[in-house]
Every structure is written in C-alpha cells, then in structure tokens.
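Report on one structure; see the data block that follows.
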Amino acid sequence: MNKKEKRLKKTINDAVNHSLERMKVLTPEDRCQLFMEVGEWIFNNLDLDDELIVPQFKIEGKTIEKK
C-alpha cells in the first residue's frame with residue numbers, strides 16, 4: 001500500500017470515528033440516517049478505487065483554507 005492509499009484509509013477511518021462520536025448527540029432519526037451513510041465503510045471491505053476524492057484546489061500557489 002502506497003503513501004496516498006494509507007492517507008486515504010486514515011481519512012476514511014477518521015470520518016467514520018467522527019460520525020460515530022456525533023451519534024451520541026443526535027436524535028434517533030438523524031442517528032439512523034447518519035449510520036446508513038457511513039455503514040458502507042463500516043461493514044464492507046474498502047475499495048479505494050470506488051471512493052470519490054475531491055482534490056485540494058490551489059489559487060495563486062496557495063491552498064484554499066477553511067475559515
């Protein structure tokens with residue numbers, strides 16, 4: 001597994017962990033919807049070729065940052 005694949009796997013694992021932590025404060029209906037969205041990553045083997053990744057865009061040589 002190359003460095004890019006390892007980074008992608010870590011990002012997905014972090015997203016799943018964050019989503020599971022959020023479930024503690026959600027309503028039952030919202031919790032169910034969130035679980036359905038991340039359930040694929042939890043219960044299925046990860047196929048990196050099937051995951052859509054949005055690239056980090058740059059403007060004038062600088063990375064766009066969240067504010």
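Lettering and numbering for the structure tokens are positional, with chains as A, B, ... in the shown order, residues counted from 1 in each chain, and ligands counted from 1 in the shown order.
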**Study point:** Shell of 9 Å around Ile42 (chain A), only C-alpha atoms, local chain residues under 3 positions omitted, as a list in words
**Key:**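 Neighbouring residues, sequence-local ones excluded: Asn13, Val16, Val38, Gly39, Asn45 and Leu46 of chain A.
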Contacts of region 17-22 of chain A at 9 Å or less, counting only C-alpha atoms, minus same-chain residues fewer than 5 places along, as a compact mmCIF listing (two decimals) with N, CA and C atoms, in the first residue's frame?
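Result file follows (around11.txt):
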```txt
# COMPACT_ATOMS: atom_id res chain seq x y z
N ILE A 12 -10.64 8.17 5.82
CA ILE A 12 -11.94 7.50 5.89
C ILE A 12 -12.19 6.99 7.31
N ARG A 31 -29.66 9.97 13.80
CA ARG A 31 -28.65 8.93 14.05
C ARG A 31 -28.78 7.80 13.04
N LEU A 34 -27.49 9.01 9.57
CA LEU A 34 -26.03 9.09 9.55
C LEU A 34 -25.42 7.70 9.50
N PHE A 35 -25.98 6.78 10.29
CA PHE A 35 -25.48 5.42 10.31
C PHE A 35 -25.60 4.76 8.93
N VAL A 38 -22.65 6.10 6.67
CA VAL A 38 -21.29 5.61 6.95
C VAL A 38 -21.23 4.09 7.08
```
Review point. What gap, in Å, lies between CA of Asn44 (chain A) and CA of Thr27 (chain A)?
Key: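 So the answer is 25.4 Å.
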